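**Student:** Input work-v6.cif, format and content: mmCIF, C-alpha atoms and all ligand atoms.
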```cif
data_structure
#
loop_
_atom_site.label_atom_id
_atom_site.label_comp_id
_atom_site.auth_asym_id
_atom_site.auth_seq_id
_atom_site.Cartn_x
_atom_site.Cartn_y
_atom_site.Cartn_z
CA MET A 1 -158.57 126.15 -14.17
CA LEU A 2 -154.92 125.54 -15.04
CA VAL A 3 -152.92 128.00 -17.12
CA ALA A 4 -149.37 127.13 -18.18
CA HIS A 5 -146.99 129.95 -18.99
CA ILE A 6 -143.92 129.34 -21.15
CA SER A 7 -141.54 131.74 -22.84
CA ASP A 8 -138.30 132.29 -24.72
CA SER A 9 -137.96 128.99 -26.55
CA HIS A 10 -135.44 130.62 -28.95
CA VAL A 11 -136.02 127.87 -31.50
CA ALA A 12 -133.13 127.33 -33.92
CA GLU A 13 -133.46 126.08 -37.48
CA TYR A 14 -133.43 122.34 -38.16
CA GLY A 15 -129.93 120.95 -37.55
CA LYS A 16 -128.89 123.98 -35.51
CA LYS A 17 -128.68 124.95 -31.84
CA ALA A 18 -129.29 128.38 -30.32
CA TYR A 19 -125.96 130.24 -30.30
CA GLY A 20 -124.48 126.98 -31.65
CA LEU A 21 -124.73 125.57 -28.15
CA ALA A 22 -128.20 125.33 -26.61
CA PRO A 23 -130.56 122.50 -27.69
CA THR A 24 -133.54 124.80 -27.25
CA SER A 25 -135.73 123.18 -29.93
CA GLU A 26 -135.31 119.71 -28.44
CA TYR A 27 -136.07 121.09 -24.98
CA PHE A 28 -139.16 122.85 -26.38
CA GLU A 29 -140.42 119.50 -27.74
CA LYS A 30 -139.87 117.88 -24.34
CA CYS A 31 -141.64 120.72 -22.56
CA ILE A 32 -144.67 120.38 -24.83
CA LYS A 33 -144.77 116.63 -24.30
CA HIS A 34 -144.70 117.25 -20.54
CA MET A 35 -147.57 119.75 -20.66
CA ASN A 36 -149.61 117.44 -22.92
CA SER A 37 -149.39 114.64 -20.37
CA PHE A 38 -149.90 116.73 -17.22
CA GLU A 39 -152.71 115.55 -14.93
CA PRO A 40 -155.19 117.11 -14.45
CA LYS A 41 -155.40 118.50 -17.91
CA ILE A 42 -153.99 121.98 -18.51
CA ASP A 43 -156.69 124.27 -19.96
CA LEU A 44 -154.61 126.91 -21.65
CA VAL A 45 -150.96 127.65 -22.56
CA LEU A 46 -149.73 131.24 -22.80
CA ILE A 47 -146.45 131.89 -24.64
CA THR A 48 -144.79 135.24 -23.99
CA GLY A 49 -142.52 135.62 -26.99
CA ASP A 50 -138.98 135.01 -28.23
CA ILE A 51 -140.36 131.87 -29.77
CA CYS A 52 -137.57 132.06 -32.35
CA GLY A 53 -133.95 133.02 -31.91
CA ASN A 54 -132.92 135.23 -34.82
CA PRO A 55 -135.62 135.20 -36.45
CA THR A 56 -135.72 133.47 -39.85
CA PRO A 57 -138.57 131.75 -41.72
CA GLY A 58 -136.69 128.47 -41.08
CA GLU A 59 -136.92 129.05 -37.35
CA SER A 60 -140.57 130.05 -37.57
CA ARG A 61 -141.38 126.91 -39.58
CA ARG A 62 -139.66 124.72 -37.01
CA ALA A 63 -141.42 126.52 -34.15
CA ALA A 64 -144.76 125.95 -35.90
CA ASP A 65 -143.89 122.26 -36.40
CA ILE A 66 -143.07 121.87 -32.71
CA LEU A 67 -146.17 123.77 -31.58
CA SER A 68 -148.36 121.62 -33.84
CA THR A 69 -147.75 118.81 -31.30
CA LEU A 70 -149.25 120.87 -28.45
CA LYS A 71 -152.66 119.42 -27.68
CA ILE A 72 -153.80 122.32 -25.47
CA PRO A 73 -155.19 125.64 -26.78
CA TYR A 74 -152.38 128.21 -26.81
CA TYR A 75 -151.83 131.89 -27.48
CA THR A 76 -148.70 133.86 -28.30
CA VAL A 77 -147.34 137.39 -28.29
CA PRO A 78 -144.15 138.46 -30.08
CA GLY A 79 -140.78 138.96 -28.39
CA ASN A 80 -137.88 141.03 -29.63
CA HIS A 81 -136.45 137.91 -31.34
CA ASP A 82 -139.65 137.33 -33.35
CA THR A 83 -141.24 139.20 -36.23
CA ARG A 84 -144.94 140.00 -36.29
CA ASP A 85 -145.16 138.93 -39.94
CA ASP A 86 -143.77 135.45 -39.26
CA LEU A 87 -145.96 135.00 -36.18
CA LEU A 88 -149.05 135.95 -38.18
CA LYS A 89 -147.96 133.77 -41.10
CA TYR A 90 -146.86 130.60 -39.30
CA LEU A 91 -148.95 130.68 -36.09
CA PRO A 92 -152.03 132.74 -37.07
CA LYS A 93 -154.53 131.01 -34.78
CA SER A 94 -152.34 131.70 -31.77
CA CYS A 95 -152.44 135.48 -32.19
CA PRO A 96 -155.89 136.65 -33.39
CA THR A 97 -154.92 140.30 -33.40
CA GLU A 98 -157.58 142.98 -32.92
CA LEU A 99 -155.41 146.10 -33.15
CA ASP A 100 -154.07 147.32 -36.47
CA GLY A 101 -150.28 147.07 -36.63
CA PHE A 102 -149.88 145.22 -33.33
CA ILE A 103 -150.57 141.73 -31.99
CA GLN A 104 -153.04 142.61 -29.25
CA TYR A 105 -156.24 140.67 -28.50
CA THR A 106 -158.35 139.25 -25.70
CA VAL A 107 -159.18 135.63 -24.89
CA GLU A 108 -162.72 135.37 -23.54
CA ASP A 109 -163.42 131.61 -23.48
CA TYR A 110 -162.27 130.82 -19.93
CA ASP A 111 -163.04 131.75 -16.31
CA LEU A 112 -159.92 133.89 -16.42
CA ARG A 113 -159.86 136.55 -19.08
CA VAL A 114 -156.56 137.05 -20.92
CA ILE A 115 -155.42 140.29 -22.54
CA ALA A 116 -152.44 139.95 -24.87
CA LEU A 117 -150.16 142.95 -25.40
CA ASP A 118 -147.49 143.61 -28.02
CA SER A 119 -144.47 145.27 -26.40
CA VAL A 120 -142.17 144.96 -29.42
CA THR A 121 -140.52 147.66 -31.49
CA GLU A 122 -138.99 145.62 -34.29
CA GLY A 123 -135.22 146.01 -34.47
CA MET A 124 -134.96 147.06 -30.82
CA PRO A 125 -134.34 144.72 -27.88
CA GLY A 126 -136.30 146.73 -25.30
CA GLY A 127 -140.01 146.99 -24.60
CA THR A 128 -142.47 149.67 -25.69
CA LEU A 129 -146.12 150.33 -24.99
CA CYS A 130 -147.16 153.44 -26.90
CA LYS A 131 -150.37 155.44 -26.44
CA LYS A 132 -152.23 153.47 -29.11
CA ARG A 133 -151.48 150.15 -27.42
CA LEU A 134 -152.21 151.50 -23.93
CA ASP A 135 -155.47 153.18 -24.95
CA TRP A 136 -156.61 149.85 -26.39
CA LEU A 137 -155.64 148.11 -23.12
CA ASP A 138 -157.50 150.67 -21.02
CA ALA A 139 -160.63 150.28 -23.16
CA LYS A 140 -160.51 146.48 -22.93
CA LEU A 141 -160.03 146.54 -19.15
CA ALA A 142 -162.91 149.01 -18.79
CA GLU A 143 -165.24 146.54 -20.56
CA GLN A 144 -165.04 143.98 -17.73
CA PRO A 145 -163.50 145.54 -14.61
CA GLN A 146 -164.71 142.79 -12.26
CA ARG A 147 -163.59 139.71 -14.14
CA PRO A 148 -160.26 138.10 -13.11
CA THR A 149 -157.82 138.98 -15.86
CA MET A 150 -154.27 138.05 -16.78
CA LEU A 151 -152.16 140.30 -18.97
CA MET A 152 -149.45 138.75 -21.15
CA LEU A 153 -146.59 140.51 -22.92
CA HIS A 154 -142.94 139.84 -23.63
CA HIS A 155 -141.10 142.57 -21.75
CA PRO A 156 -141.52 143.08 -18.00
CA PRO A 157 -141.95 146.79 -17.22
CA ILE A 158 -139.44 146.80 -14.34
CA LYS A 159 -135.71 146.24 -13.90
CA TYR A 160 -134.89 142.72 -12.78
CA GLY A 161 -131.24 143.11 -11.84
CA VAL A 162 -130.09 141.57 -15.11
CA HIS A 163 -127.56 143.80 -16.83
CA GLU A 164 -128.62 142.98 -20.39
CA THR A 165 -132.38 143.22 -20.06
CA ASP A 166 -132.27 146.16 -17.62
CA THR A 167 -130.26 148.06 -20.23
CA ASP A 168 -132.81 147.15 -22.92
CA GLY A 169 -135.36 149.27 -21.02
CA PHE A 170 -139.11 149.72 -21.45
CA ILE A 171 -140.55 152.86 -23.05
CA GLY A 172 -143.96 153.61 -21.54
CA SER A 173 -143.55 151.53 -18.37
CA GLU A 174 -144.86 154.34 -16.13
CA GLU A 175 -147.90 154.95 -18.34
CA PHE A 176 -148.51 151.19 -18.48
CA GLY A 177 -148.43 151.09 -14.66
CA ASP A 178 -150.90 153.99 -14.49
CA VAL A 179 -153.41 152.01 -16.57
CA VAL A 180 -152.87 148.79 -14.62
CA GLU A 181 -153.27 150.56 -11.27
CA LYS A 182 -156.77 151.74 -12.21
CA TYR A 183 -158.09 148.15 -12.09
CA SER A 184 -158.17 145.72 -9.19
CA ASN A 185 -158.98 142.59 -11.21
CA ILE A 186 -155.56 142.03 -12.82
CA THR A 187 -154.38 138.83 -11.20
CA ARG A 188 -151.03 138.51 -12.98
CA VAL A 189 -148.92 140.28 -15.58
CA LEU A 190 -147.15 137.41 -17.37
CA CYS A 191 -143.85 138.23 -19.08
CA GLY A 192 -140.72 136.63 -20.51
CA HIS A 193 -137.51 138.24 -21.79
CA VAL A 194 -135.46 137.93 -18.56
CA HIS A 195 -135.04 134.14 -18.89
CA MET A 196 -135.63 133.65 -15.16
CA SER A 197 -138.57 132.57 -13.07
CA CYS A 198 -139.42 135.52 -10.78
CA HIS A 199 -142.39 137.22 -9.15
CA ALA A 200 -142.52 140.92 -8.36
CA GLY A 201 -145.21 143.06 -6.75
CA TRP A 202 -146.06 146.02 -9.01
CA ARG A 203 -148.94 148.50 -9.16
CA ASN A 204 -151.34 146.38 -7.03
CA THR A 205 -150.70 143.22 -9.03
CA VAL A 206 -147.94 140.66 -9.56
CA ILE A 207 -145.53 140.52 -12.50
CA SER A 208 -144.58 136.93 -13.11
CA THR A 209 -141.79 135.94 -15.49
CA THR A 210 -141.17 132.34 -16.43
CA ALA A 211 -137.82 130.72 -17.16
CA ALA A 212 -136.66 130.28 -20.74
CA ILE A 213 -137.09 126.87 -22.28
CA GLY A 214 -133.37 126.10 -22.51
CA MET A 215 -131.14 129.10 -21.89
CA GLN A 216 -131.36 130.72 -18.47
CA LEU A 217 -129.71 134.06 -17.75
CA VAL A 218 -127.25 133.98 -14.86
CA LEU A 219 -128.30 136.36 -12.09
CA ASP A 220 -125.57 138.88 -11.37
CA LEU A 221 -126.84 141.70 -9.19
CA THR A 222 -123.56 143.61 -9.42
CA LEU A 223 -124.99 144.86 -12.76
CA LYS A 224 -121.41 145.36 -13.92
CA LYS A 225 -120.71 142.32 -16.04
CA ASP A 226 -122.03 141.40 -19.45
CA SER A 227 -124.82 138.90 -19.11
CA ALA A 228 -124.12 135.19 -19.30
CA PHE A 229 -126.44 132.26 -19.87
CA SER A 230 -126.43 128.66 -18.78
CA ILE A 231 -128.12 125.67 -20.35
CA GLN A 232 -130.68 124.19 -17.99
CA PRO A 233 -133.58 121.81 -18.44
CA PRO A 234 -136.85 123.55 -19.26
CA SER A 235 -139.62 124.42 -16.87
CA TYR A 236 -142.95 126.18 -17.05
CA GLN A 237 -145.12 128.07 -14.65
CA LEU A 238 -148.46 126.60 -13.82
CA HIS A 239 -151.10 129.00 -12.48
CA TYR A 240 -153.83 127.19 -10.60
CA HIS A 241 -157.04 129.23 -10.38
CA ASN A 242 -158.83 127.57 -7.48
CA ALA A 243 -162.54 127.47 -6.61
CA ASP A 244 -162.13 130.45 -4.24
CA GLY A 245 -160.75 132.58 -7.06
CA GLU A 246 -157.16 132.57 -5.78
CA ILE A 247 -154.23 131.92 -8.08
CA ILE A 248 -151.39 129.69 -6.94
CA SER A 249 -148.33 129.78 -9.19
CA ASN A 250 -145.95 126.81 -9.34
CA VAL A 251 -142.75 126.22 -11.27
CA ILE A 252 -142.96 122.83 -12.97
CA PRO A 253 -139.59 121.35 -13.98
CA VAL A 254 -139.66 119.10 -17.02
CA ARG A 255 -138.49 115.77 -15.67
CA GLY A 256 -136.69 113.10 -17.60
CA LEU A 257 -133.71 115.19 -18.63
CA ASP A 258 -130.99 115.46 -16.01
CA THR A 259 -133.30 116.08 -13.06
CA PRO A 260 -133.84 112.85 -11.09
CA GLY A 261 -137.21 111.99 -9.52
CA PRO A 262 -139.98 112.07 -8.58
CA PHE A 263 -139.39 109.94 -5.48
CA MET A 264 -142.23 108.67 -3.29
CA PHE A 265 -141.87 109.98 0.29
CA GLU A 266 -143.38 106.79 1.74
CA GLU A 267 -140.76 104.61 0.11
CA TYR A 268 -137.84 106.79 1.14
CA LEU A 269 -139.03 107.29 4.74
CA LYS A 270 -138.81 103.52 5.03
CA VAL A 271 -135.24 103.61 3.69
CA GLU A 272 -134.32 106.40 6.12
CA SER A 273 -135.69 104.55 9.15
CA LYS A 274 -133.71 101.38 8.43
FE FE A 301 -135.39 135.70 -24.90
FE FE A 302 -136.57 138.99 -25.30
#
```
In structure tokens, how does this file's structure come out?

**Tutor:**
Amino acid sequence: MLVAHISDSHVAEYGKKAYGLAPTSEYFEKCIKHMNSFEPKIDLVLITGDICGNPTPGESRRAADILSTLKIPYYTVPGNHDTRDDLLKYLPKSCPTELDGFIQYTVEDYDLRVIALDSVTEGMPGGTLCKKRLDWLDAKLAEQPQRPTMLMLHHPPIKYGVHETDTDGFIGSEEFGDVVEKYSNITRVLCGHVHMSCHAGWRNTVISTTAAIGMQLVLDLTLKKDSAFSIQPPSYQLHYHNADGEIISNVIPVRGLDTPGPFMFEEYLKVESK
């Protein structure tokens, strides 16, 4: 089974760029085209929030237009740049919420089970998982404690060494970890928000963040400077669930922008030996 993980597309309205600079919507279209044509076929796409940039209905409409070209089943959770109302209005099939007031649900149709969590407090940049959301998670995990399961949410519950997102914080991260630690079947905790592709061991599982679609945060571990971003071609993470039940996670760059290749080794070994 192949699961693609994308995040933080920060779609701008038609005719606009994110922060007036980043062609995030165009990169999002290219990323979707790339996933559509990937061989073998990707089974499922998980989108961990900040689909829009500001957010406005114009951005949500454009995001829905772009996502209508995705030929693979996909699911979303909100980020701090989205609103729940717009997500439910413009992308309702992608977030079949089961918890009143929050976009939380499970996906049961695949070998891997997915549990989607809503870490947003609207109007605040940081993450939150309150008792209501965590109790729901605990109950869902208790239903099928043996089945390989991925969690998806926008905010990672740890500090990544990024001044801006570390400062945003995560209310309930300890309690979240206490729930996660009770179960041994959580193969990944997929997150966005930090605009970087990273893996971190946490509470007997792995937190995996994927890069943003167009605007990557610049890593500055001095934690002293205001955060900066750079415009880079998009990428996505591809989680390969193999026949032995292991998960291998790859970063897939979207070719055809300013990244040359692929080059066939055979051809270039011949060039080298000349
Ligand atoms: Fe973001
Ligand atoms: Fe975010």

**Student:** Find the residues around Met196 of chain A up to 9 Å (all atoms listed in the file counted), leave out those fewer than 3 positions away in its own chain, and share them as a ChimeraX atom specification.

**Tutor:** /A:192-193,209-212,216-219

**Student:** Show me, as a PDB file with C-alpha atoms, in the coordinates of the input, the residues that have an atom within 12 Å of segment 221-230 of chain A when counting only C-alpha atoms, minus same-chain residues fewer than 4 positions from it.

**Tutor:**
```
ATOM      1  CA  ALA A  18    -129.290 128.380 -30.320  1.00  0.00           C
ATOM      2  CA  TYR A  19    -125.960 130.240 -30.300  1.00  0.00           C
ATOM      3  CA  LEU A  21    -124.730 125.570 -28.150  1.00  0.00           C
ATOM      4  CA  ALA A  22    -128.200 125.330 -26.610  1.00  0.00           C
ATOM      5  CA  PRO A  23    -130.560 122.500 -27.690  1.00  0.00           C
ATOM      6  CA  THR A  24    -133.540 124.800 -27.250  1.00  0.00           C
ATOM      7  CA  LYS A 159    -135.710 146.240 -13.900  1.00  0.00           C
ATOM      8  CA  TYR A 160    -134.890 142.720 -12.780  1.00  0.00           C
ATOM      9  CA  GLY A 161    -131.240 143.110 -11.840  1.00  0.00           C
ATOM     10  CA  VAL A 162    -130.090 141.570 -15.110  1.00  0.00           C
ATOM     11  CA  HIS A 163    -127.560 143.800 -16.830  1.00  0.00           C
ATOM     12  CA  GLU A 164    -128.620 142.980 -20.390  1.00  0.00           C
ATOM     13  CA  THR A 165    -132.380 143.220 -20.060  1.00  0.00           C
ATOM     14  CA  ASP A 166    -132.270 146.160 -17.620  1.00  0.00           C
ATOM     15  CA  THR A 167    -130.260 148.060 -20.230  1.00  0.00           C
ATOM     16  CA  VAL A 194    -135.460 137.930 -18.560  1.00  0.00           C
ATOM     17  CA  HIS A 195    -135.040 134.140 -18.890  1.00  0.00           C
ATOM     18  CA  MET A 196    -135.630 133.650 -15.160  1.00  0.00           C
ATOM     19  CA  ALA A 211    -137.820 130.720 -17.160  1.00  0.00           C
ATOM     20  CA  ALA A 212    -136.660 130.280 -20.740  1.00  0.00           C
ATOM     21  CA  ILE A 213    -137.090 126.870 -22.280  1.00  0.00           C
ATOM     22  CA  GLY A 214    -133.370 126.100 -22.510  1.00  0.00           C
ATOM     23  CA  MET A 215    -131.140 129.100 -21.890  1.00  0.00           C
ATOM     24  CA  GLN A 216    -131.360 130.720 -18.470  1.00  0.00           C
ATOM     25  CA  LEU A 217    -129.710 134.060 -17.750  1.00  0.00           C
ATOM     26  CA  PRO A 234    -136.850 123.550 -19.260  1.00  0.00           C
TER      27      PRO A 234
END
```

**Student:** Using only C-alpha atoms and all ligand atoms for the distances, tell me which of A:Val114, A:Leu88, A:Leu129, A:Ile6 is nearest to ligand FE 301 (chain A).

**Tutor:**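 So, comparing all the options, the nearest one is A:Ile6.
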
**Student:** Which residue, A:Ile186, A:Ala4, A:Ala12, A:Cys130, has the smallest gap to Asn36 of chain A when you use all atoms listed in the file?

**Tutor:**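 Among A:Ile186, A:Ala4, A:Ala12, A:Cys130, it is A:Ala4 that comes nearest to Asn36 of chain A.
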
**Student:** Can you measure atom CA of Ser173 of chain A to atom CA of Ile207 of chain A for me? One decimal in Å is fine.

**Tutor:**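 So the two atoms, atom CA of Ser173 of chain A and atom CA of Ile207 of chain A, lie 12.6 Å apart.
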
**Student:** Counting only C-alpha atoms and all ligand atoms, what residues are within 6 Å of ligand FE 302 (chain A), given as a PyMOL selection string?

**Tutor:** chain A and resi 50+79-80+193

**Student:** Go through A:Ala139, A:Ile72, A:Leu117, A:Cys191 and flag the residue nearest ligand FE 301 (chain A), using only C-alpha atoms and all ligand atoms for the distances.

**Tutor:** A:Cys191

**Student:** With a distance cut-off of 10 Å and only C-alpha atoms, select the neighbouring residues of Glu174 of chain A, excluding the residue or stretch itself and same-chain residues fewer than 4 positions from it, and output the selection as a list in words.

**Tutor:**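 With the cut-off at 10 Å, the set is Leu129, Pro157, Ile158, Phe170, Asp178, Val179, Val180 and Arg203 of chain A.
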
**Student:** Would you mind exporting C-alpha atoms of the selected residues as an mmCIF file, in the coordinates of the input?

**Tutor:**
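The resulting out.cif:
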```cif
data_model
loop_
_atom_site.group_PDB
_atom_site.id
_atom_site.type_symbol
_atom_site.label_atom_id
_atom_site.label_comp_id
_atom_site.auth_asym_id
_atom_site.auth_seq_id
_atom_site.Cartn_x
_atom_site.Cartn_y
_atom_site.Cartn_z
ATOM 1 C CA LEU A 129 -146.120 150.330 -24.990
ATOM 2 C CA PRO A 157 -141.950 146.790 -17.220
ATOM 3 C CA ILE A 158 -139.440 146.800 -14.340
ATOM 4 C CA PHE A 170 -139.110 149.720 -21.450
ATOM 5 C CA ASP A 178 -150.900 153.990 -14.490
ATOM 6 C CA VAL A 179 -153.410 152.010 -16.570
ATOM 7 C CA VAL A 180 -152.870 148.790 -14.620
ATOM 8 C CA ARG A 203 -148.940 148.500 -9.160
#
```

**Student:** Between A:Arg84, A:Lys131, A:Lys71, A:Arg147, which has the minimum distance to Pro55 of chain A (counting all atoms listed in the file)?

**Tutor:**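 Result for the nearest residue to Pro55 of chain A: A:Arg84.
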
**Student:** Please compute the atom CA of Val77 of chain A-atom CA of Ile51 of chain A distance, one decimal, in Å.

**Tutor:**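 Going from atom CA of Val77 of chain A over to atom CA of Ile51 of chain A covers 9.0 Å.
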
**Student:** Grab the atom CA of Phe265 of chain A to atom CA of His239 of chain A distance for me, in Å with one decimal place.

**Tutor:**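 These atoms are spaced 24.7 Å apart.
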
**Student:** Which one of A:Tyr27, A:Thr205, A:Lys89, A:Gly58 sits closest to Gln232 of chain A if you count all atoms listed in the file?

**Tutor:**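 Closest residue, counting all atoms listed in the file: A:Tyr27.
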
**Student:** Hey, could you patch up segment 15-24 of chain A with all heavy atoms and hand it over as a short mmCIF file (atom, residue, chain, number, x, y, z; two decimals), in the frame of the given file?

**Tutor:**
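Just written: selection.cif:
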```cif
data_model
loop_
_atom_site.label_atom_id
_atom_site.label_comp_id
_atom_site.auth_asym_id
_atom_site.auth_seq_id
_atom_site.Cartn_x
_atom_site.Cartn_y
_atom_site.Cartn_z
N GLY A 15 -131.37 121.26 -37.47
CA GLY A 15 -129.93 120.95 -37.55
C GLY A 15 -129.06 121.95 -36.81
O GLY A 15 -127.83 121.80 -36.79
N LYS A 16 -129.69 122.97 -36.21
CA LYS A 16 -128.89 123.98 -35.51
C LYS A 16 -129.29 124.08 -34.04
O LYS A 16 -130.38 123.66 -33.65
CB LYS A 16 -129.07 125.35 -36.17
CG LYS A 16 -128.46 125.43 -37.55
CD LYS A 16 -128.55 126.84 -38.09
CE LYS A 16 -127.89 126.93 -39.46
NZ LYS A 16 -128.09 128.24 -40.08
N LYS A 17 -128.39 124.67 -33.24
CA LYS A 17 -128.68 124.95 -31.84
C LYS A 17 -128.64 126.47 -31.64
O LYS A 17 -127.95 127.17 -32.41
CB LYS A 17 -127.64 124.30 -30.93
CG LYS A 17 -127.70 122.77 -30.95
CD LYS A 17 -126.66 122.18 -30.03
CE LYS A 17 -126.84 120.67 -29.96
NZ LYS A 17 -125.87 120.05 -29.05
N ALA A 18 -129.33 126.94 -30.62
CA ALA A 18 -129.29 128.38 -30.32
C ALA A 18 -127.87 128.75 -29.92
O ALA A 18 -127.26 128.08 -29.08
CB ALA A 18 -130.28 128.70 -29.20
N TYR A 19 -127.34 129.79 -30.52
CA TYR A 19 -125.96 130.24 -30.30
C TYR A 19 -124.96 129.10 -30.54
O TYR A 19 -123.87 129.08 -29.97
CB TYR A 19 -125.80 130.84 -28.89
CG TYR A 19 -126.65 132.08 -28.70
CD1 TYR A 19 -127.95 131.97 -28.22
CD2 TYR A 19 -126.18 133.35 -29.02
CE1 TYR A 19 -128.77 133.10 -28.07
CE2 TYR A 19 -126.98 134.47 -28.87
CZ TYR A 19 -128.27 134.35 -28.40
OH TYR A 19 -129.05 135.45 -28.26
N GLY A 20 -125.35 128.11 -31.36
CA GLY A 20 -124.48 126.98 -31.65
C GLY A 20 -124.29 126.04 -30.49
O GLY A 20 -123.48 125.11 -30.54
N LEU A 21 -125.03 126.26 -29.41
CA LEU A 21 -124.73 125.57 -28.15
C LEU A 21 -125.97 124.96 -27.48
O LEU A 21 -125.92 123.83 -26.97
CB LEU A 21 -124.11 126.62 -27.21
CG LEU A 21 -123.33 126.16 -26.01
CD1 LEU A 21 -122.09 125.39 -26.47
CD2 LEU A 21 -122.88 127.41 -25.20
N ALA A 22 -127.05 125.71 -27.44
CA ALA A 22 -128.20 125.33 -26.61
C ALA A 22 -129.23 124.54 -27.42
O ALA A 22 -129.71 125.02 -28.44
CB ALA A 22 -128.84 126.57 -26.01
N PRO A 23 -129.59 123.33 -26.96
CA PRO A 23 -130.56 122.50 -27.69
C PRO A 23 -132.00 122.94 -27.40
O PRO A 23 -132.84 122.17 -26.94
CB PRO A 23 -130.28 121.09 -27.14
CG PRO A 23 -129.82 121.34 -25.74
CD PRO A 23 -129.10 122.67 -25.73
N THR A 24 -132.26 124.21 -27.66
CA THR A 24 -133.54 124.80 -27.25
C THR A 24 -134.75 124.14 -27.94
O THR A 24 -135.79 123.97 -27.32
CB THR A 24 -133.54 126.31 -27.55
OG1 THR A 24 -133.09 126.49 -28.89
CG2 THR A 24 -132.64 127.07 -26.61
#
```
